[in-house]
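Undergrad: My structure is in data-v9.pdb, and what it holds is PDB, C-alpha atoms:
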```pdb
ATOM      1  CA  MET K  20     -11.666 -28.909 -14.625  1.00  0.00           C
ATOM      2  CA  ARG K  21     -12.919 -26.463 -17.244  1.00  0.00           C
ATOM      3  CA  PHE K  22      -9.602 -24.975 -18.265  1.00  0.00           C
ATOM      4  CA  ALA K  23     -10.718 -24.912 -21.879  1.00  0.00           C
ATOM      5  CA  ASN K  24     -12.718 -21.869 -20.822  1.00  0.00           C
ATOM      6  CA  CYS K  25     -10.023 -20.305 -18.677  1.00  0.00           C
ATOM      7  CA  ALA K  26      -6.925 -18.603 -20.002  1.00  0.00           C
ATOM      8  CA  LEU K  27      -4.222 -18.352 -17.353  1.00  0.00           C
ATOM      9  CA  PHE K  28      -1.843 -15.417 -17.324  1.00  0.00           C
ATOM     10  CA  ILE K  29       1.087 -15.247 -14.939  1.00  0.00           C
ATOM     11  CA  SER K  30       2.643 -11.824 -14.537  1.00  0.00           C
ATOM     12  CA  SER K  31       5.956 -11.497 -12.757  1.00  0.00           C
ATOM     13  CA  LEU K  32       6.196  -8.063 -11.197  1.00  0.00           C
ATOM     14  CA  LEU K  33       9.604  -6.480 -10.955  1.00  0.00           C
ATOM     15  CA  CYS K  34      10.138  -4.781  -7.615  1.00  0.00           C
ATOM     16  CA  SER K  35      12.274  -1.905  -6.404  1.00  0.00           C
ATOM     17  CA  THR K  36      14.534  -1.376  -9.417  1.00  0.00           C
ATOM     18  CA  GLY K  37      12.334  -2.288 -12.334  1.00  0.00           C
ATOM     19  CA  ALA K  38      15.039  -4.677 -13.494  1.00  0.00           C
ATOM     20  CA  ALA K  39      16.095  -8.223 -12.754  1.00  0.00           C
ATOM     21  CA  PHE K  40      19.514  -9.391 -11.636  1.00  0.00           C
ATOM     22  CA  THR K  41      21.419 -11.842 -13.768  1.00  0.00           C
ATOM     23  CA  THR K  42      24.968 -13.125 -13.649  1.00  0.00           C
ATOM     24  CA  ASN K  43      27.290 -11.924 -16.379  1.00  0.00           C
ATOM     25  CA  PRO K  44      30.301 -14.260 -16.648  1.00  0.00           C
ATOM     26  CA  ILE K  45      32.432 -11.435 -18.070  1.00  0.00           C
ATOM     27  CA  SER K  46      31.770  -9.103 -15.171  1.00  0.00           C
ATOM     28  CA  ARG K  47      33.713 -10.066 -12.043  1.00  0.00           C
ATOM     29  CA  ASN K  48      34.144  -8.182  -8.814  1.00  0.00           C
ATOM     30  CA  ARG K  49      37.495  -7.415  -7.172  1.00  0.00           C
ATOM     31  CA  PHE K  50      37.455 -10.793  -5.437  1.00  0.00           C
ATOM     32  CA  GLY K  51      37.364 -12.572  -8.787  1.00  0.00           C
ATOM     33  CA  LYS K  52      33.790 -13.728  -8.311  1.00  0.00           C
ATOM     34  CA  MET K  53      31.064 -13.212 -10.851  1.00  0.00           C
ATOM     35  CA  ALA K  54      29.129 -10.058 -10.046  1.00  0.00           C
ATOM     36  CA  PRO K  55      25.398  -9.625 -10.567  1.00  0.00           C
ATOM     37  CA  THR K  56      24.532  -7.103 -13.241  1.00  0.00           C
ATOM     38  CA  LEU K  57      21.249  -5.512 -14.114  1.00  0.00           C
ATOM     39  CA  ARG K  58      19.253  -6.809 -17.018  1.00  0.00           C
ATOM     40  CA  SER K  59      16.851  -4.322 -18.591  1.00  0.00           C
ATOM     41  CA  SER K  60      13.160  -4.733 -17.883  1.00  0.00           C
ATOM     42  CA  SER K  61      12.483  -5.110 -21.630  1.00  0.00           C
ATOM     43  CA  SER K  62      14.724  -8.169 -21.944  1.00  0.00           C
ATOM     44  CA  THR K  63      13.235  -9.576 -18.734  1.00  0.00           C
ATOM     45  CA  ASN K  64       9.746  -9.105 -20.150  1.00  0.00           C
ATOM     46  CA  ASN K  65      10.789 -10.996 -23.286  1.00  0.00           C
ATOM     47  CA  LEU K  66      11.915 -13.904 -21.125  1.00  0.00           C
ATOM     48  CA  ALA K  67       8.674 -13.800 -19.129  1.00  0.00           C
ATOM     49  CA  GLU K  68       6.617 -13.945 -22.326  1.00  0.00           C
ATOM     50  CA  LYS K  69       8.330 -17.197 -23.296  1.00  0.00           C
ATOM     51  CA  VAL K  70       7.494 -18.972 -20.034  1.00  0.00           C
ATOM     52  CA  LEU K  71       4.105 -20.199 -21.236  1.00  0.00           C
ATOM     53  CA  ALA K  72       5.008 -20.464 -24.940  1.00  0.00           C
ATOM     54  CA  ASN K  73       5.461 -24.233 -24.718  1.00  0.00           C
ATOM     55  CA  PRO K  74       4.758 -25.379 -21.162  1.00  0.00           C
ATOM     56  CA  GLN K  75       5.550 -28.969 -20.271  1.00  0.00           C
ATOM     57  CA  TRP K  76       2.808 -29.708 -17.781  1.00  0.00           C
ATOM     58  CA  PRO K  77       3.129 -32.936 -15.768  1.00  0.00           C
ATOM     59  CA  PRO K  78       0.350 -35.464 -16.487  1.00  0.00           C
ATOM     60  CA  GLU K  79      -0.743 -35.398 -12.839  1.00  0.00           C
ATOM     61  CA  TRP K  80      -0.660 -32.817 -10.048  1.00  0.00           C
ATOM     62  CA  PRO K  81       2.878 -33.405  -8.694  1.00  0.00           C
ATOM     63  CA  PHE K  82       2.363 -32.177  -5.125  1.00  0.00           C
ATOM     64  CA  SER K  83       0.946 -33.717  -1.961  1.00  0.00           C
ATOM     65  CA  PRO K  84      -0.828 -31.883   0.884  1.00  0.00           C
ATOM     66  CA  GLU K  85       2.361 -32.246   2.913  1.00  0.00           C
ATOM     67  CA  ASP K  86       4.192 -30.092   0.364  1.00  0.00           C
ATOM     68  CA  PHE K  87       2.020 -27.159   1.438  1.00  0.00           C
ATOM     69  CA  ALA K  88       2.511 -27.639   5.174  1.00  0.00           C
ATOM     70  CA  ARG K  89       3.814 -24.495   6.884  1.00  0.00           C
ATOM     71  CA  MET K  90       6.274 -23.989   9.703  1.00  0.00           C
ATOM     72  CA  ASP K  91       3.589 -21.956  11.480  1.00  0.00           C
ATOM     73  CA  GLU K  92       0.147 -23.518  11.181  1.00  0.00           C
ATOM     74  CA  GLU K  93      -1.538 -20.961  13.437  1.00  0.00           C
ATOM     75  CA  ASP K  94      -4.978 -19.875  12.268  1.00  0.00           C
ATOM     76  CA  ASP K  95      -4.511 -17.266   9.526  1.00  0.00           C
ATOM     77  CA  ALA K  96      -7.342 -15.225  11.034  1.00  0.00           C
ATOM     78  CA  VAL K  97      -5.019 -14.303  13.905  1.00  0.00           C
ATOM     79  CA  PHE K  98      -2.507 -12.666  11.565  1.00  0.00           C
ATOM     80  CA  TYR K  99      -5.146 -10.960   9.418  1.00  0.00           C
ATOM     81  CA  ASP K 100      -7.174  -9.705  12.365  1.00  0.00           C
ATOM     82  CA  ALA K 101      -5.303  -6.384  12.397  1.00  0.00           C
ATOM     83  CA  PRO K 102      -5.890  -4.238   9.277  1.00  0.00           C
ATOM     84  CA  ARG K 103      -2.813  -3.274   7.259  1.00  0.00           C
ATOM     85  CA  LEU K 104      -3.501  -0.455   4.819  1.00  0.00           C
ATOM     86  CA  VAL K 105      -0.158  -0.766   3.063  1.00  0.00           C
ATOM     87  CA  TYR K 106       1.087  -1.716  -0.394  1.00  0.00           C
ATOM     88  CA  HIS K 107       2.769  -5.099  -0.607  1.00  0.00           C
ATOM     89  CA  ILE K 108       4.551  -4.230  -3.848  1.00  0.00           C
ATOM     90  CA  ASP K 109       6.431  -1.068  -4.752  1.00  0.00           C
ATOM     91  CA  ASP K 110       5.304   1.797  -6.983  1.00  0.00           C
ATOM     92  CA  PHE K 111       6.932   0.368 -10.100  1.00  0.00           C
ATOM     93  CA  ALA K 112       5.132  -2.959  -9.664  1.00  0.00           C
ATOM     94  CA  VAL K 113       1.821  -1.203  -8.919  1.00  0.00           C
ATOM     95  CA  SER K 114       2.127   0.818 -12.123  1.00  0.00           C
ATOM     96  CA  ALA K 115       3.044  -2.266 -14.166  1.00  0.00           C
ATOM     97  CA  LEU K 116       0.078  -4.212 -12.800  1.00  0.00           C
ATOM     98  CA  THR K 117      -2.400  -1.375 -13.320  1.00  0.00           C
ATOM     99  CA  GLU K 118      -1.153  -0.943 -16.896  1.00  0.00           C
ATOM    100  CA  TYR K 119      -1.574  -4.667 -17.509  1.00  0.00           C
ATOM    101  CA  TYR K 120      -5.143  -4.520 -16.258  1.00  0.00           C
ATOM    102  CA  SER K 121      -5.886  -1.458 -18.397  1.00  0.00           C
ATOM    103  CA  ASN K 122      -4.792  -3.391 -21.486  1.00  0.00           C
ATOM    104  CA  HIS K 123      -6.896  -6.462 -20.709  1.00  0.00           C
ATOM    105  CA  PHE K 124      -9.989  -5.287 -18.821  1.00  0.00           C
ATOM    106  CA  LYS K 125     -13.093  -4.448 -20.849  1.00  0.00           C
ATOM    107  CA  GLU K 126     -15.736  -1.934 -19.875  1.00  0.00           C
ATOM    108  CA  GLY K 127     -18.500  -3.692 -17.967  1.00  0.00           C
ATOM    109  CA  ASP K 128     -16.437  -6.754 -17.061  1.00  0.00           C
ATOM    110  CA  ASP K 129     -17.592  -8.591 -13.954  1.00  0.00           C
ATOM    111  CA  VAL K 130     -14.424  -9.089 -11.895  1.00  0.00           C
ATOM    112  CA  LEU K 131     -13.622 -11.075  -8.767  1.00  0.00           C
ATOM    113  CA  ASP K 132     -10.485 -10.069  -6.865  1.00  0.00           C
ATOM    114  CA  ILE K 133      -9.493 -12.905  -4.525  1.00  0.00           C
ATOM    115  CA  CYS K 134      -7.108 -12.463  -1.584  1.00  0.00           C
ATOM    116  CA  SER K 135      -8.180  -8.856  -1.836  1.00  0.00           C
ATOM    117  CA  SER K 136      -7.466  -5.956   0.484  1.00  0.00           C
ATOM    118  CA  TRP K 137      -7.977  -2.182   0.635  1.00  0.00           C
ATOM    119  CA  VAL K 138      -6.791  -1.640  -2.953  1.00  0.00           C
ATOM    120  CA  SER K 139      -7.006  -3.824  -6.062  1.00  0.00           C
ATOM    121  CA  HIS K 140      -4.736  -1.805  -8.387  1.00  0.00           C
ATOM    122  CA  PHE K 141      -7.456  -1.599 -11.056  1.00  0.00           C
ATOM    123  CA  PRO K 142      -7.260   1.260 -13.601  1.00  0.00           C
ATOM    124  CA  PRO K 143      -8.862   4.366 -12.051  1.00  0.00           C
ATOM    125  CA  ASP K 144     -10.867   5.172 -15.199  1.00  0.00           C
ATOM    126  CA  TRP K 145     -12.115   1.627 -15.791  1.00  0.00           C
ATOM    127  CA  LYS K 146     -15.868   1.089 -15.399  1.00  0.00           C
ATOM    128  CA  GLY K 147     -16.588  -2.461 -14.361  1.00  0.00           C
ATOM    129  CA  GLY K 148     -19.831  -4.351 -13.930  1.00  0.00           C
ATOM    130  CA  ASN K 149     -20.108  -6.457 -10.787  1.00  0.00           C
ATOM    131  CA  VAL K 150     -16.728  -6.051  -9.053  1.00  0.00           C
ATOM    132  CA  VAL K 151     -16.298  -8.175  -5.927  1.00  0.00           C
ATOM    133  CA  GLY K 152     -13.424  -8.493  -3.474  1.00  0.00           C
ATOM    134  CA  LEU K 153     -12.810 -11.609  -1.388  1.00  0.00           C
ATOM    135  CA  GLY K 154     -10.304 -11.394   1.431  1.00  0.00           C
ATOM    136  CA  MET K 155      -9.515 -11.936   5.084  1.00  0.00           C
ATOM    137  CA  ASN K 156      -9.940  -8.542   6.763  1.00  0.00           C
ATOM    138  CA  GLU K 157     -13.345  -6.870   6.810  1.00  0.00           C
ATOM    139  CA  TYR K 158     -12.047  -3.356   7.485  1.00  0.00           C
ATOM    140  CA  GLU K 159      -9.467  -3.521   4.701  1.00  0.00           C
ATOM    141  CA  LEU K 160     -12.116  -4.676   2.231  1.00  0.00           C
ATOM    142  CA  SER K 161     -14.522  -1.951   3.373  1.00  0.00           C
ATOM    143  CA  GLN K 162     -11.903   0.655   2.433  1.00  0.00           C
ATOM    144  CA  ASN K 163     -11.469  -0.660  -1.113  1.00  0.00           C
ATOM    145  CA  LYS K 164     -13.046   1.938  -3.409  1.00  0.00           C
ATOM    146  CA  GLN K 165     -12.516  -0.204  -6.494  1.00  0.00           C
ATOM    147  CA  ILE K 166     -14.991  -2.948  -5.583  1.00  0.00           C
ATOM    148  CA  ASP K 167     -18.786  -2.884  -5.304  1.00  0.00           C
ATOM    149  CA  SER K 168     -19.093  -5.556  -2.619  1.00  0.00           C
ATOM    150  CA  PHE K 169     -16.935  -7.923  -0.636  1.00  0.00           C
ATOM    151  CA  VAL K 170     -16.866 -11.311   1.069  1.00  0.00           C
ATOM    152  CA  VAL K 171     -14.739 -12.148   4.103  1.00  0.00           C
ATOM    153  CA  LYS K 172     -13.478 -15.704   3.696  1.00  0.00           C
ATOM    154  CA  ASP K 173     -10.422 -17.792   4.522  1.00  0.00           C
ATOM    155  CA  LEU K 174      -9.641 -19.863   1.435  1.00  0.00           C
ATOM    156  CA  ASN K 175      -7.028 -21.834   3.365  1.00  0.00           C
ATOM    157  CA  LYS K 176      -9.790 -23.193   5.583  1.00  0.00           C
ATOM    158  CA  GLU K 177     -12.358 -23.691   2.858  1.00  0.00           C
ATOM    159  CA  PRO K 178     -11.133 -23.354  -0.756  1.00  0.00           C
ATOM    160  CA  VAL K 179     -14.613 -22.757  -2.155  1.00  0.00           C
ATOM    161  CA  LEU K 180     -15.703 -19.532  -3.841  1.00  0.00           C
ATOM    162  CA  PRO K 181     -19.243 -18.584  -2.718  1.00  0.00           C
ATOM    163  CA  PHE K 182     -20.489 -17.743  -6.209  1.00  0.00           C
ATOM    164  CA  GLU K 183     -22.531 -19.427  -8.920  1.00  0.00           C
ATOM    165  CA  ASP K 184     -20.958 -20.999 -11.983  1.00  0.00           C
ATOM    166  CA  ASP K 185     -20.114 -18.592 -14.823  1.00  0.00           C
ATOM    167  CA  SER K 186     -20.344 -15.478 -12.635  1.00  0.00           C
ATOM    168  CA  PHE K 187     -17.275 -13.480 -13.734  1.00  0.00           C
ATOM    169  CA  ASP K 188     -15.330 -12.407 -16.804  1.00  0.00           C
ATOM    170  CA  LYS K 189     -12.058 -11.953 -14.925  1.00  0.00           C
ATOM    171  CA  VAL K 190     -10.580 -13.239 -11.683  1.00  0.00           C
ATOM    172  CA  THR K 191      -7.536 -11.464 -10.269  1.00  0.00           C
ATOM    173  CA  CYS K 192      -5.152 -12.391  -7.474  1.00  0.00           C
ATOM    174  CA  VAL K 193      -2.309 -10.037  -6.569  1.00  0.00           C
ATOM    175  CA  VAL K 194       0.892 -11.533  -5.089  1.00  0.00           C
ATOM    176  CA  SER K 195      -1.120 -13.993  -2.996  1.00  0.00           C
ATOM    177  CA  ILE K 196      -1.475 -17.304  -4.834  1.00  0.00           C
ATOM    178  CA  ASP K 197       1.720 -18.482  -3.111  1.00  0.00           C
ATOM    179  CA  TYR K 198       0.092 -17.973   0.312  1.00  0.00           C
ATOM    180  CA  LEU K 199      -2.655 -20.493  -0.417  1.00  0.00           C
ATOM    181  CA  ASN K 200      -2.149 -23.979   0.989  1.00  0.00           C
ATOM    182  CA  LYS K 201      -4.722 -25.498  -1.372  1.00  0.00           C
ATOM    183  CA  PRO K 202      -3.900 -23.721  -4.636  1.00  0.00           C
ATOM    184  CA  LEU K 203      -5.164 -26.473  -6.931  1.00  0.00           C
ATOM    185  CA  GLU K 204      -8.595 -26.467  -5.305  1.00  0.00           C
ATOM    186  CA  VAL K 205      -8.767 -22.673  -5.507  1.00  0.00           C
ATOM    187  CA  VAL K 206      -7.768 -22.616  -9.183  1.00  0.00           C
ATOM    188  CA  LYS K 207     -10.436 -25.241  -9.926  1.00  0.00           C
ATOM    189  CA  GLU K 208     -12.950 -22.945  -8.245  1.00  0.00           C
ATOM    190  CA  ILE K 209     -11.695 -20.030 -10.348  1.00  0.00           C
ATOM    191  CA  GLY K 210     -12.336 -22.086 -13.470  1.00  0.00           C
ATOM    192  CA  ARG K 211     -15.843 -22.828 -12.222  1.00  0.00           C
ATOM    193  CA  VAL K 212     -16.873 -19.222 -11.565  1.00  0.00           C
ATOM    194  CA  LEU K 213     -15.342 -17.884 -14.774  1.00  0.00           C
ATOM    195  CA  ARG K 214     -17.539 -17.583 -17.827  1.00  0.00           C
ATOM    196  CA  PRO K 215     -16.502 -19.286 -21.078  1.00  0.00           C
ATOM    197  CA  GLY K 216     -13.544 -17.329 -22.403  1.00  0.00           C
ATOM    198  CA  GLY K 217     -12.917 -15.823 -18.983  1.00  0.00           C
ATOM    199  CA  VAL K 218      -9.415 -14.983 -17.807  1.00  0.00           C
ATOM    200  CA  CYS K 219      -7.621 -15.605 -14.535  1.00  0.00           C
ATOM    201  CA  MET K 220      -4.827 -13.085 -13.873  1.00  0.00           C
ATOM    202  CA  LEU K 221      -2.288 -14.139 -11.264  1.00  0.00           C
ATOM    203  CA  SER K 222       0.427 -11.615 -10.468  1.00  0.00           C
ATOM    204  CA  MET K 223       3.565 -12.623  -8.640  1.00  0.00           C
ATOM    205  CA  SER K 224       6.390 -10.642  -7.100  1.00  0.00           C
ATOM    206  CA  ASN K 225      10.089 -11.440  -7.462  1.00  0.00           C
ATOM    207  CA  ARG K 226      10.795  -9.793  -4.105  1.00  0.00           C
ATOM    208  CA  TRP K 227      11.673 -13.160  -2.551  1.00  0.00           C
TER     209      TRP K 227
END
```
Kindly present the structure from the file in structure tokens form.
TA:
Amino acid sequence: MRFANCALFISSLLCSTGAAFTTNPISRNRFGKMAPTLRSSSSTNNLAEKVLANPQWPPEWPFSPEDFARMDEEDDAVFYDAPRLVYHIDDFAVSALTEYYSNHFKEGDDVLDICSSWVSHFPPDWKGGNVVGLGMNEYELSQNKQIDSFVVKDLNKEPVLPFEDDSFDKVTCVVSIDYLNKPLEVVKEIGRVLRPGGVCMLSMSNRW
């Protein structure tokens, strides 16, 4: 694995309120139970920034294939057969993600957006190089105005990216890494197609 050449950023997107719930032991509801209170997005961001400050990675991959078994193992192509031109995160999260990209994308970057759809949330004024979307629904991908080309592929069936080594400067994946049943294999492939110094940007939602 060439992770020496791949910086990994995990962005937790705050949905609906723009703030995270925490439990304040001083605040109790009328039943005497601790009530959830809102923590400001700035303090939440500070916590998020500390997540990777000193990660304690296990020496070996701690999961087995059985850990990624699903209650419904029906072919994913059945679900993704019908196009869904909808946002899967709210406006606040979209804005936060687009702002993050605007601060980290460079003009002319070659970018691969995996698990892509009809919109990639890239900055509207950003001028990329080779921008490719890889996803499950051909019509959705054809409607994405932020990519130059697309590939229809089910990474749960075959976790291989159909690109040469060192093809991209950035790889993005919006609120979808948790839908992959072979995430380690996919991340290895991301490291392969990224150029030295390339960046993988995984965004995650706290909606669950």
Undergrad: Axis-aligned box over every listed atom of segment 160-168 of chain K, padded by 4 Å per side: centre and edges in Å to one decimal, as lines of an AutoDock Vina configuration file?
TA:
```
center_x = -15.3
center_y = -1.8
center_z = -1.6
size_x = 15.6
size_y = 15.5
size_z = 17.9
```
Undergrad: Can you measure atom CA of Val171 of chain K to atom CA of Asp132 of chain K for me? One decimal in Å is fine.
TA: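 Rounded to one decimal, the two atoms are 11.9 Å apart.
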Undergrad: Could you tell me how far atom CA of Val206 of chain K lies from atom CA of Pro142 of chain K, in Å and to one decimal?
TA: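 A separation of 24.3 Å between them.
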Undergrad: Care to translate the PyMOL selection byres ((chain K and resi 192) around 7) into actual residues of this file, as a ChimeraX atom specification?
TA: /K:132-134,190-191,193-196,220-222
Undergrad: Just to confirm, what's the straight-line distance from atom CA of Asp144 of chain K to atom CA of Lys164 of chain K in Å (one decimal)?
TA: 12.4 Å
Undergrad: Using all atoms listed in the file for the distances, tell me which of K:Asn225, K:Asn73, K:Asn122, K:Asn149 is nearest to Phe187 of chain K.
TA: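 Of all the options, K:Asn149 lies closest to Phe187 of chain K.
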Undergrad: Take the PyMOL selection byres ((chain K and resi 80-92) around 6), run it mentally on this structure, and tell me the resulting residues as a list in words.
TA: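 Applying the PyMOL selection byres ((chain K and resi 80-92) around 6) to the structure shown produces Glu79, Glu93 and Asn200 of chain K.
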Undergrad: Check which residues satisfy the PyMOL selection byres ((chain K and resi 150) around 6) in the file shown, then give them as a list of chain:residue names.
TA: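 What the PyMOL selection byres ((chain K and resi 150) around 6) grabs from the file is K:Asp129, K:Val130, K:Leu131, K:Asn149, K:Val151, K:Ile166, K:Asp167.
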Undergrad: Taking the point (0.9, -3.6, -0.5) as given in the file, collect each protein or nucleic acid residue that comes within 10 Å of it, counting only C-alpha atoms, and present the set as number ranges by chain.
TA: K: 103-110, 113, 136-140, 193-194
Undergrad: From the list K:Lys125, K:Lys69, K:Lys201, K:Arg214, which residue is nearest Asp188 of chain K when using all atoms listed in the file?
TA: K:Arg214
Undergrad: Nearest to Leu116 of chain K: which of K:Phe141, K:Trp76, K:Tyr198, K:Tyr158 is it, counting all atoms listed in the file?
TA: K:Phe141
Undergrad: Compare K:Gly216, K:Gly127, K:Ala115, K:Ser135 by their minimum atom-to-atom distance to Gln162 of chain K, counting only C-alpha atoms, and give me the closest one.
TA: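 Among the listed residues, K:Ser135 lies closest to Gln162 of chain K.
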